[in-house]
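**Student:** Structure: start16.pdb, PDB, C-alpha atoms.
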ATOM      1  CA  MET A  31      51.438  84.068  27.503
ATOM      2  CA  LYS A  32      50.103  85.313  24.178
ATOM      3  CA  ALA A  33      51.536  84.053  20.897
ATOM      4  CA  LYS A  34      52.868  87.467  19.845
ATOM      5  CA  THR A  35      54.637  87.812  23.195
ATOM      6  CA  ILE A  36      56.216  84.367  22.857
ATOM      7  CA  LYS A  37      57.410  85.253  19.378
ATOM      8  CA  ALA A  38      58.956  88.476  20.654
ATOM      9  CA  VAL A  39      60.695  86.658  23.519
ATOM     10  CA  LEU A  40      62.156  84.062  21.153
ATOM     11  CA  ARG A  41      63.293  86.664  18.641
ATOM     12  CA  LYS A  42      65.050  88.637  21.369
ATOM     13  CA  LYS A  43      66.640  85.545  22.910
ATOM     14  CA  VAL A  44      67.975  84.216  19.625
ATOM     15  CA  ASP A  45      69.251  87.637  18.554
ATOM     16  CA  ASP A  46      71.042  87.981  21.890
ATOM     17  CA  TRP A  47      72.616  84.551  21.425
ATOM     18  CA  LEU A  48      73.601  85.286  17.814
ATOM     19  CA  ALA A  49      75.289  88.520  18.860
ATOM     20  CA  SER A  50      77.602  86.513  21.127
ATOM     21  CA  ILE A  51      78.981  84.422  18.212
ATOM     22  CA  GLU A  52      82.308  85.933  17.195
ATOM     23  CA  ASP A  53      82.759  83.994  13.956
ATOM     24  CA  GLY A  54      80.848  85.866  11.241
ATOM     25  CA  ALA A  55      80.266  82.803   9.038
ATOM     26  CA  VAL A  56      78.878  80.762  11.926
ATOM     27  CA  ARG A  57      76.688  83.654  13.059
ATOM     28  CA  GLU A  58      75.270  84.165   9.565
ATOM     29  CA  ALA A  59      74.499  80.476   9.080
ATOM     30  CA  ALA A  60      72.804  80.224  12.470
ATOM     31  CA  ALA A  61      70.763  83.381  11.853
ATOM     32  CA  LYS A  62      69.300  81.859   8.687
ATOM     33  CA  ASN A  63      68.734  78.307   9.902
ATOM     34  CA  THR A  64      67.700  78.222  13.574
ATOM     35  CA  ILE A  65      64.606  76.488  14.932
ATOM     36  CA  VAL A  66      63.437  76.785  18.535
ATOM     37  CA  THR A  67      61.107  74.015  19.641
ATOM     38  CA  GLY A  68      60.455  71.827  22.651
ATOM     39  CA  GLY A  69      59.694  72.694  26.240
ATOM     40  CA  ALA A  70      60.386  76.436  26.201
ATOM     41  CA  ILE A  71      57.328  77.306  24.130
ATOM     42  CA  ALA A  72      55.198  74.899  26.164
ATOM     43  CA  SER A  73      56.366  76.547  29.398
ATOM     44  CA  MET A  74      55.592  80.042  28.130
ATOM     45  CA  LEU A  75      52.117  78.995  27.022
ATOM     46  CA  LEU A  76      51.524  77.596  30.523
ATOM     47  CA  ARG A  77      53.037  80.707  32.154
ATOM     48  CA  GLU A  78      55.726  78.576  33.747
ATOM     49  CA  LYS A  79      59.418  79.253  34.196
ATOM     50  CA  VAL A  80      61.450  78.392  31.108
ATOM     51  CA  SER A  81      64.216  75.946  32.016
ATOM     52  CA  ASP A  82      66.076  76.345  28.747
ATOM     53  CA  PHE A  83      65.704  77.183  25.064
ATOM     54  CA  ASP A  84      66.357  74.220  22.765
ATOM     55  CA  ILE A  85      67.948  75.302  19.494
ATOM     56  CA  TYR A  86      67.974  73.079  16.409
ATOM     57  CA  PHE A  87      69.262  73.746  12.907
ATOM     58  CA  ARG A  88      67.738  73.453   9.480
ATOM     59  CA  ASP A  89      70.702  71.766   7.784
ATOM     60  CA  TRP A  90      73.794  69.643   8.395
ATOM     61  CA  ARG A  91      76.326  72.341   7.599
ATOM     62  CA  THR A  92      74.931  74.844  10.116
ATOM     63  CA  ALA A  93      74.716  72.213  12.859
ATOM     64  CA  ALA A  94      78.293  71.084  12.190
ATOM     65  CA  MET A  95      79.634  74.653  12.083
ATOM     66  CA  VAL A  96      78.003  75.577  15.388
ATOM     67  CA  ALA A  97      79.159  72.337  17.030
ATOM     68  CA  LYS A  98      82.791  72.908  16.022
ATOM     69  CA  TYR A  99      82.594  76.555  17.084
ATOM     70  CA  TYR A 100      81.567  75.722  20.653
ATOM     71  CA  VAL A 101      83.761  72.671  21.098
ATOM     72  CA  ASP A 102      86.745  74.856  20.185
ATOM     73  CA  ARG A 103      85.668  77.363  22.842
ATOM     74  CA  PHE A 104      84.973  74.923  25.653
ATOM     75  CA  LYS A 105      87.278  75.880  28.542
ATOM     76  CA  PRO A 106      87.005  73.585  31.568
ATOM     77  CA  GLU A 107      88.354  75.167  34.749
ATOM     78  CA  GLN A 108      89.978  71.928  35.886
ATOM     79  CA  LYS A 109      92.164  70.787  33.016
ATOM     80  CA  ASN A 110      92.973  67.315  34.339
ATOM     81  CA  GLY A 111      90.664  64.826  32.685
ATOM     82  CA  ILE A 112      88.619  66.731  30.116
ATOM     83  CA  SER A 113      90.876  69.330  28.536
ATOM     84  CA  CYS A 114      91.644  67.317  25.414
ATOM     85  CA  ASP A 115      90.221  64.672  23.098
ATOM     86  CA  ILE A 116      86.924  66.484  22.630
ATOM     87  CA  LYS A 117      86.000  66.807  18.984
ATOM     88  CA  VAL A 118      83.037  66.806  16.618
ATOM     89  CA  VAL A 119      82.713  63.583  14.640
ATOM     90  CA  ASN A 120      80.308  61.877  12.284
ATOM     91  CA  GLY A 121      78.681  58.507  12.748
ATOM     92  CA  TYR A 122      81.844  56.746  11.643
ATOM     93  CA  ARG A 123      83.805  58.552  14.375
ATOM     94  CA  SER A 124      85.619  60.491  11.671
ATOM     95  CA  GLU A 125      86.242  64.149  12.396
ATOM     96  CA  ILE A 126      83.713  66.443  10.732
ATOM     97  CA  ASP A 127      84.972  67.976   7.485
ATOM     98  CA  LEU A 128      82.901  71.053   6.627
ATOM     99  CA  ALA A 129      84.354  71.151   3.126
ATOM    100  CA  ASN A 130      82.993  67.681   2.374
ATOM    101  CA  PRO A 131      79.422  67.292   3.663
ATOM    102  CA  PRO A 132      77.997  63.745   3.682
ATOM    103  CA  SER A 133      75.958  62.481   0.774
ATOM    104  CA  SER A 134      72.194  62.540   1.241
ATOM    105  CA  GLY A 135      72.028  58.757   1.378
ATOM    106  CA  ASP A 136      74.701  58.245   4.024
ATOM    107  CA  ASP A 137      72.701  58.572   7.232
ATOM    108  CA  LYS A 138      75.528  57.387   9.456
ATOM    109  CA  ALA A 139      78.022  59.929   8.149
ATOM    110  CA  ALA A 140      75.392  62.630   8.556
ATOM    111  CA  ARG A 141      75.244  62.024  12.296
ATOM    112  CA  ILE A 142      76.891  64.868  14.237
ATOM    113  CA  LYS A 143      78.300  63.900  17.604
ATOM    114  CA  VAL A 144      80.578  65.380  20.236
ATOM    115  CA  MET A 145      83.090  62.695  21.165
ATOM    116  CA  ILE A 146      84.368  63.028  24.731
ATOM    117  CA  ARG A 147      86.864  60.508  26.047
ATOM    118  CA  SER A 148      85.145  60.252  29.407
ATOM    119  CA  ALA A 149      81.714  59.340  30.698
ATOM    120  CA  GLY A 150      80.293  61.076  27.656
ATOM    121  CA  VAL A 151      79.784  64.413  29.362
ATOM    122  CA  ALA A 152      82.052  67.302  30.315
ATOM    123  CA  ASN A 153      81.270  70.133  32.721
ATOM    124  CA  GLU A 154      82.811  73.610  32.692
ATOM    125  CA  ASP A 155      83.843  73.075  36.320
ATOM    126  CA  GLY A 156      85.976  70.192  35.115
ATOM    127  CA  THR A 157      87.178  67.310  37.214
ATOM    128  CA  THR A 158      90.305  66.522  39.161
ATOM    129  CA  LYS A 159      90.058  62.848  38.197
ATOM    130  CA  PRO A 160      91.567  61.334  35.051
ATOM    131  CA  TYR A 161      89.777  59.558  32.235
ATOM    132  CA  GLU A 162      90.408  56.102  33.535
ATOM    133  CA  TYR A 163      87.410  56.143  35.898
ATOM    134  CA  PHE A 164      85.181  54.144  33.542
ATOM    135  CA  GLU A 165      87.964  52.440  31.650
ATOM    136  CA  SER A 166      89.899  50.704  34.417
ATOM    137  CA  ARG A 167      88.229  51.274  37.784
ATOM    138  CA  PRO A 168      87.208  48.297  39.907
ATOM    139  CA  GLU A 169      83.606  47.202  39.722
ATOM    140  CA  GLY A 170      81.250  49.552  41.532
ATOM    141  CA  GLU A 171      83.415  52.659  41.470
ATOM    142  CA  ALA A 172      81.688  54.158  38.415
ATOM    143  CA  THR A 173      78.704  55.054  40.591
ATOM    144  CA  ALA A 174      80.980  56.527  43.240
ATOM    145  CA  TYR A 175      82.711  58.674  40.652
ATOM    146  CA  ILE A 176      79.444  60.153  39.377
ATOM    147  CA  SER A 177      78.473  61.041  42.951
ATOM    148  CA  ASP A 178      81.853  62.689  43.570
ATOM    149  CA  VAL A 179      81.710  64.848  40.467
ATOM    150  CA  MET A 180      78.016  65.588  40.122
ATOM    151  CA  GLY A 181      76.907  66.001  43.702
ATOM    152  CA  ASP A 182      75.116  63.908  46.285
ATOM    153  CA  ALA A 183      72.024  62.473  44.614
ATOM    154  CA  GLY A 184      69.725  59.526  45.189
ATOM    155  CA  ASP A 185      70.893  57.576  42.143
ATOM    156  CA  ILE A 186      72.983  58.012  39.029
ATOM    157  CA  GLN A 187      70.153  59.374  36.901
ATOM    158  CA  ASP A 188      69.293  62.003  39.500
ATOM    159  CA  ALA A 189      72.960  62.978  39.661
ATOM    160  CA  HIS A 190      73.057  63.632  35.923
ATOM    161  CA  ASP A 191      69.717  65.470  35.859
ATOM    162  CA  GLN A 192      70.575  67.630  38.863
ATOM    163  CA  THR A 193      73.927  68.584  37.387
ATOM    164  CA  GLU A 194      72.382  69.711  34.114
ATOM    165  CA  ASP A 195      69.632  71.588  35.968
ATOM    166  CA  LEU A 196      72.296  73.312  38.051
ATOM    167  CA  VAL A 197      74.143  74.381  34.921
ATOM    168  CA  LEU A 198      70.990  75.753  33.326
ATOM    169  CA  ASN A 199      69.649  77.532  36.415
ATOM    170  CA  GLN A 200      72.814  78.849  38.016
ATOM    171  CA  ILE A 201      73.192  82.551  38.722
ATOM    172  CA  GLU A 202      75.287  83.864  35.868
ATOM    173  CA  ASP A 203      78.668  85.429  36.490
ATOM    174  CA  ASP A 204      78.723  88.673  34.508
ATOM    175  CA  SER A 205      82.507  88.543  34.399
ATOM    176  CA  LYS A 206      82.345  85.497  32.114
ATOM    177  CA  PRO A 207      81.280  85.482  28.444
ATOM    178  CA  ARG A 208      77.587  85.163  27.677
ATOM    179  CA  TYR A 209      76.456  81.943  25.998
ATOM    180  CA  ARG A 210      79.741  80.166  26.616
ATOM    181  CA  PRO A 211      79.709  76.333  26.478
ATOM    182  CA  VAL A 212      79.398  74.978  30.011
ATOM    183  CA  PHE A 213      78.258  71.369  29.553
ATOM    184  CA  LEU A 214      78.927  68.951  26.701
ATOM    185  CA  SER A 215      77.338  65.629  25.899
ATOM    186  CA  SER A 216      77.394  63.560  22.730
ATOM    187  CA  ASN A 217      74.053  64.940  21.550
ATOM    188  CA  ALA A 218      73.972  68.530  22.749
ATOM    189  CA  ILE A 219      75.974  71.513  23.948
ATOM    190  CA  THR A 220      74.600  73.447  26.893
ATOM    191  CA  LEU A 221      75.464  77.129  26.907
ATOM    192  CA  SER A 222      75.226  79.554  29.788
ATOM    193  CA  HIS A 223      72.133  81.774  29.914
ATOM    194  CA  LYS A 224      69.761  78.829  29.381
ATOM    195  CA  VAL A 225      70.445  77.808  25.800
ATOM    196  CA  GLN A 226      70.958  74.235  24.613
ATOM    197  CA  VAL A 227      72.271  73.552  21.122
ATOM    198  CA  ILE A 228      70.897  70.200  19.957
ATOM    199  CA  LEU A 229      73.077  68.234  17.530
ATOM    200  CA  ARG A 230      71.371  64.855  17.428
ATOM    201  CA  PHE A 231      68.720  65.971  14.920
ATOM    202  CA  TYR A 232      68.498  68.690  12.306
ATOM    203  CA  GLY A 233      66.320  69.522   9.306
ATOM    204  CA  GLU A 234      62.980  71.168   8.654
ATOM    205  CA  PRO A 235      60.633  71.321  11.679
ATOM    206  CA  ASP A 236      58.554  68.339  10.560
ATOM    207  CA  ALA A 237      61.716  66.252  10.174
ATOM    208  CA  ILE A 238      62.886  67.218  13.654
ATOM    209  CA  HIS A 239      59.506  66.438  15.175
ATOM    210  CA  ALA A 240      59.556  62.994  13.590
ATOM    211  CA  ASN A 241      62.039  62.220  16.362
ATOM    212  CA  TYR A 242      59.882  63.747  19.107
ATOM    213  CA  ASP A 243      57.745  61.608  21.339
ATOM    214  CA  TYR A 244      55.137  63.799  23.049
ATOM    215  CA  VAL A 245      52.940  66.107  21.043
ATOM    216  CA  HIS A 246      52.879  69.020  23.494
ATOM    217  CA  CYS A 247      56.524  69.840  22.615
ATOM    218  CA  THR A 248      55.963  70.250  18.871
ATOM    219  CA  ASN A 249      55.196  73.965  18.676
ATOM    220  CA  TYR A 250      58.081  75.830  17.055
ATOM    221  CA  TRP A 251      59.602  79.144  15.945
ATOM    222  CA  THR A 252      61.846  79.722  12.901
ATOM    223  CA  SER A 253      64.545  82.369  12.614
ATOM    224  CA  TRP A 254      64.426  82.869   8.839
ATOM    225  CA  ASP A 255      60.855  84.197   8.809
ATOM    226  CA  ASN A 256      60.244  84.964  12.507
ATOM    227  CA  GLU A 257      57.186  82.697  12.501
ATOM    228  CA  LEU A 258      55.678  80.956  15.512
ATOM    229  CA  VAL A 259      53.671  77.814  14.713
ATOM    230  CA  LEU A 260      51.250  76.549  17.364
ATOM    231  CA  ARG A 261      49.820  73.118  16.613
ATOM    232  CA  LYS A 262      46.244  72.340  17.648
ATOM    233  CA  GLU A 263      47.130  68.914  19.059
ATOM    234  CA  ALA A 264      49.984  70.397  21.094
ATOM    235  CA  LEU A 265      47.756  73.079  22.574
ATOM    236  CA  GLU A 266      45.103  70.525  23.562
ATOM    237  CA  ALA A 267      47.709  68.409  25.345
ATOM    238  CA  LEU A 268      49.020  71.470  27.189
ATOM    239  CA  LEU A 269      45.543  72.498  28.320
ATOM    240  CA  THR A 270      44.874  69.063  29.798
ATOM    241  CA  ARG A 271      48.476  68.369  30.908
ATOM    242  CA  GLU A 272      48.119  64.985  29.289
ATOM    243  CA  LEU A 273      51.029  63.194  27.669
ATOM    244  CA  ARG A 274      50.086  62.029  24.190
ATOM    245  CA  TYR A 275      52.632  59.749  22.609
ATOM    246  CA  VAL A 276      52.906  60.256  18.867
ATOM    247  CA  GLY A 277      55.687  57.775  18.209
ATOM    248  CA  SER A 278      59.421  58.147  18.282
ATOM    249  CA  LYS A 279      62.603  56.698  16.852
ATOM    250  CA  TYR A 280      63.725  56.362  20.475
ATOM    251  CA  PRO A 281      60.822  54.867  22.451
ATOM    252  CA  ILE A 282      63.031  53.703  25.328
ATOM    253  CA  CYS A 283      64.026  57.292  25.993
ATOM    254  CA  SER A 284      60.367  58.278  25.888
ATOM    255  CA  LEU A 285      59.510  55.876  28.701
ATOM    256  CA  ILE A 286      62.451  57.069  30.778
ATOM    257  CA  ARG A 287      61.301  60.662  30.296
ATOM    258  CA  LEU A 288      57.935  59.804  31.811
ATOM    259  CA  ARG A 289      59.476  60.150  35.264
ATOM    260  CA  LYS A 290      60.149  63.826  34.714
ATOM    261  CA  PHE A 291      56.683  64.713  33.437
ATOM    262  CA  ILE A 292      54.792  62.735  36.068
ATOM    263  CA  ALA A 293      56.834  64.462  38.784
ATOM    264  CA  ARG A 294      55.613  67.769  37.324
ATOM    265  CA  GLY A 295      51.962  66.804  37.558
ATOM    266  CA  TRP A 296      51.315  65.489  34.051
ATOM    267  CA  SER A 297      49.145  62.430  33.471
ATOM    268  CA  VAL A 298      49.437  59.599  30.967
ATOM    269  CA  ASN A 299      46.941  56.876  30.165
ATOM    270  CA  ALA A 300      47.799  53.223  29.686
ATOM    271  CA  GLY A 301      47.201  53.408  25.947
ATOM    272  CA  GLN A 302      50.000  55.942  25.460
ATOM    273  CA  ILE A 303      52.429  53.712  27.346
ATOM    274  CA  LEU A 304      51.316  50.711  25.317
ATOM    275  CA  LYS A 305      52.104  52.567  22.078
ATOM    276  CA  ALA A 306      55.677  53.095  23.247
ATOM    277  CA  VAL A 307      55.952  49.494  24.420
ATOM    278  CA  MET A 308      54.783  48.250  21.040
ATOM    279  CA  GLN A 309      57.524  50.246  19.341
ATOM    280  CA  ILE A 310      60.111  48.918  21.785
ATOM    281  CA  SER A 311      58.996  45.350  21.045
ATOM    282  CA  GLU A 312      60.112  45.812  17.446
ATOM    283  CA  LEU A 313      63.696  46.586  18.501
ATOM    284  CA  ASP A 314      66.420  43.980  18.782
ATOM    285  CA  LEU A 315      67.870  45.186  22.072
ATOM    286  CA  LYS A 316      70.227  42.201  22.228
ATOM    287  CA  ASP A 317      72.106  43.932  19.428
ATOM    288  CA  VAL A 318      74.487  46.205  21.341
ATOM    289  CA  ASN A 319      74.599  48.739  18.493
ATOM    290  CA  VAL A 320      70.808  49.044  18.514
ATOM    291  CA  LEU A 321      70.739  49.417  22.300
ATOM    292  CA  GLU A 322      73.490  52.031  22.222
ATOM    293  CA  ASP A 323      71.650  54.060  19.583
ATOM    294  CA  GLN A 324      68.413  53.870  21.553
ATOM    295  CA  LEU A 325      70.077  55.103  24.726
ATOM    296  CA  THR A 326      71.859  58.054  23.122
ATOM    297  CA  GLY A 327      68.701  60.118  23.331
ATOM    298  CA  VAL A 328      68.858  59.996  27.120
ATOM    299  CA  ASP A 329      72.173  61.888  27.125
ATOM    300  CA  ALA A 330      73.232  60.309  30.403
ATOM    301  CA  ALA A 331      76.678  59.092  31.345
ATOM    302  CA  TYR A 332      75.522  56.080  33.293
ATOM    303  CA  PHE A 333      74.206  54.221  30.235
ATOM    304  CA  MET A 334      77.578  54.487  28.517
ATOM    305  CA  GLU A 335      79.076  52.148  31.095
ATOM    306  CA  VAL A 336      76.237  49.660  30.580
ATOM    307  CA  VAL A 337      76.890  49.660  26.841
ATOM    308  CA  SER A 338      80.648  49.365  27.279
ATOM    309  CA  LYS A 339      80.199  46.276  29.468
ATOM    310  CA  LEU A 340      77.927  44.723  26.871
ATOM    311  CA  LYS A 341      80.454  45.381  24.116
ATOM    312  CA  GLU A 342      83.106  43.569  26.128
ATOM    313  CA  ALA A 343      80.914  40.494  26.463
ATOM    314  CA  ASP A 344      80.557  37.525  24.147
ATOM    315  CA  PRO A 345      77.593  38.474  21.863
ATOM    316  CA  GLU A 346      76.035  35.070  22.463
ATOM    317  CA  LYS A 347      75.896  35.798  26.205
ATOM    318  CA  VAL A 348      74.073  39.105  25.842
ATOM    319  CA  ASN A 349      70.550  38.227  26.856
ATOM    320  CA  HIS A 350      67.927  39.479  29.296
ATOM    321  CA  ALA A 351      69.551  37.859  32.320
ATOM    322  CA  TYR A 352      72.988  39.239  31.478
ATOM    323  CA  LEU A 353      71.655  42.782  30.985
ATOM    324  CA  VAL A 354      69.703  42.634  34.252
ATOM    325  CA  GLU A 355      72.841  41.568  36.106
ATOM    326  CA  ILE A 356      74.810  44.546  34.758
ATOM    327  CA  ILE A 357      72.016  46.992  35.576
ATOM    328  CA  GLU A 358      71.655  45.665  39.132
ATOM    329  CA  ARG A 359      75.378  46.170  39.709
ATOM    330  CA  MET A 360      75.368  49.740  38.432
ATOM    331  CA  PHE A 361      72.080  51.286  39.550
TER
END
Step by step, read the file and then write its structure as structure tokens.
**Tutor:**
Amino acid sequence: MKAKTIKAVLRKKVDDWLASIEDGAVREAAAKNTIVTGGAIASMLLREKVSDFDIYFRDWRTAAMVAKYYVDRFKPEQKNGISCDIKVVNGYRSEIDLANPPSSGDDKAARIKVMIRSAGVANEDGTTKPYEYFESRPEGEATAYISDVMGDAGDIQDAHDQTEDLVLNQIEDDSKPRYRPVFLSSNAITLSHKVQVILRFYGEPDAIHANYDYVHCTNYWTSWDNELVLRKEALEALLTRELRYVGSKYPICSLIRLRKFIARGWSVNAGQILKAVMQISELDLKDVNVLEDQLTGVDAAYFMEVVSKLKEADPEKVNHAYLVEIIERMF
């Protein structure tokens, strides 16, 4: 697809999404501060089906406003289990206060997160099971719960991925509102009509891409000037379907994501994997807080249970053998 066509598609898609926002202040902020980047532009360049449009924001206030807007409008069909205790918080788990934005030096307070008292995700279809499934169930039943709620899948990761794919690719019901929130996780809000609002990162495009791992996803479009930026390195990677690792704040997530790209026919050389491994080697994964932060980028419920088990343990017992034992029980 040509660049001018991609730009026109993105402009139309974002305008259509903006028109669905009923709050004038939220709509105005989003119109001036939206960035589309990631897989959608790559798919259009390759003439492939677009799975979803990833929307980021230029500043904290816009991201927080949009997050609160959609959390307030999330309406699960099954109210038992996920109809309450969903709110937008900062890194200290304090509820977001739009009137008092965080100081520029307080990175933790600047973190925007959807807190869900559950497995960390909530689906529009809801659940008939209460919150206690990860908090008090006997050992082994966490996996069974995921299978019950998210469909019959080969393992927990596939269950999560298939559920999100189903949400994004379902046939839309015209009787329901367009761009309504249908799937929540701590890092993102999935809307109907193939839009995902990303909360984990915000800022200028270069700042957002500092958290990206593979170069082919770094092309972007900006709402304030209707500009499409195609990076030479990204285009080269797309032409060759070669994964080129450029570094990430979340290298563990990058390695996990390899499964998806390889299944789609992409290749990766050993050097790219080694770069990610080198970054991982610098992390203290025995520190539960570090491990939890590293796994947040995966946006998967199953890792939350791993982290919760580690937090319950004596810190001196958290070592490689202990972690392997927990993983073997859960996966």
**Student:** Given all atoms listed in the file as the basis, pick out the residue of A:Ile310, A:Ala61, A:Ala38, A:Ala97 nearest to A:Leu221.
**Tutor:**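 Among the listed residues, the smallest separation from A:Leu221 belongs to A:Ala97.
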**Student:** Using only C-alpha atoms, which protein or nucleic acid residues come within 9 Å of A:Lys138? Drop anything in the same chain fewer than 6 positions from it, and give the result as a tab-separated table (two decimals) with C-alpha atoms, in the frame of the given file.
**Tutor:**
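out.tsv, freshly written:
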chain	number	residue	atom	x	y	z
A	120	ASN	CA	80.31	61.88	12.28
A	121	GLY	CA	78.68	58.51	12.75
A	122	TYR	CA	81.84	56.75	11.64
A	132	PRO	CA	78.00	63.74	3.68
**Student:** Would you mind listing what lies within 9 Å of stretch 44-59 of chain A as an mmCIF file with C-alpha atoms, keeping the file's coordinate frame, with all atoms listed in the file counted and same-chain residues fewer than 4 positions away left out?
**Tutor:**
data_model
loop_
_atom_site.group_PDB
_atom_site.id
_atom_site.type_symbol
_atom_site.label_atom_id
_atom_site.label_comp_id
_atom_site.auth_asym_id
_atom_site.auth_seq_id
_atom_site.Cartn_x
_atom_site.Cartn_y
_atom_site.Cartn_z
ATOM 1 C CA VAL A 39 60.695 86.658 23.519
ATOM 2 C CA LEU A 40 62.156 84.062 21.153
ATOM 3 C CA ASN A 63 68.734 78.307 9.902
ATOM 4 C CA THR A 64 67.700 78.222 13.574
ATOM 5 C CA VAL A 66 63.437 76.785 18.535
ATOM 6 C CA ILE A 85 67.948 75.302 19.494
ATOM 7 C CA ARG A 91 76.326 72.341 7.599
ATOM 8 C CA THR A 92 74.931 74.844 10.116
ATOM 9 C CA MET A 95 79.634 74.653 12.083
ATOM 10 C CA VAL A 96 78.003 75.577 15.388
ATOM 11 C CA TYR A 99 82.594 76.555 17.084
ATOM 12 C CA PRO A 207 81.280 85.482 28.444
ATOM 13 C CA ARG A 208 77.587 85.163 27.677
ATOM 14 C CA TYR A 209 76.456 81.943 25.998
ATOM 15 C CA ARG A 210 79.741 80.166 26.616
ATOM 16 C CA HIS A 223 72.133 81.774 29.914
ATOM 17 C CA VAL A 225 70.445 77.808 25.800
ATOM 18 C CA SER A 253 64.545 82.369 12.614
#
**Student:** Show which residues sit within 7 Å of A:Gln324, as a VMD selection string. Count only C-alpha atoms, and ignore same-chain residues fewer than 3 positions away.
**Tutor:** chain A and resid 280 282 320 to 321 327
**Student:** Please provide the set of residues having any atom within 7 Å of A:Ser297, restricted to only C-alpha atoms, with same-chain residues fewer than 4 positions apart removed, written as number ranges by chain.
**Tutor:** A: 271-273, 292
**Student:** So what do you get for atom CA of A:Glu266 versus atom CA of A:Ser284, distance-wise?
**Tutor:**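 Atom-to-atom, atom CA of A:Glu266 and atom CA of A:Ser284 are spaced 19.7 Å apart.
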**Student:** Written as an MDAnalysis selection string, which residues does the PyMOL selection byres ((chain A and resi 305) around 10) give for the file shown?
**Tutor:** chainID A and resid 274:278 281 300:304 306:310
**Student:** Counting all atoms listed in the file, which residue out of A:Val336, A:Leu260, A:Ala94, A:Ile65 sits closest to A:Asn217?
**Tutor:**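 When distances to A:Asn217 are compared using all atoms listed in the file, the smallest one comes from A:Ala94.
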**Student:** Quick one: residues within 9 Å of A:Ile71, all atoms listed in the file, excluding same-chain residues fewer than 6 positions away - as a list in words?
**Tutor:**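 In the requested format, the answer is Ile36, Leu40, Val80, Phe83, Cys247, Thr248, Asn249, Tyr250 and Trp251 of chain A.
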**Student:** For the file shown, what are the residues hit by the PyMOL selection byres ((chain A and resi 72) around 8), laid out as a PyMOL selection string?
**Tutor:** chain A and resi 68-71+73-76+246-247+249+268
**Student:** Would you work out the distance separating atom CA of A:Ser205 from atom CA of A:Lys43, expressed in Å to one decimal?
**Tutor:**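 Pair atom CA of A:Ser205 / atom CA of A:Lys43 returns 19.8 Å.
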**Student:** Provide the atom CA of A:Lys143 to atom CA of A:Ile126 distance in Å, to one decimal place.
**Tutor:** 9.1 Å
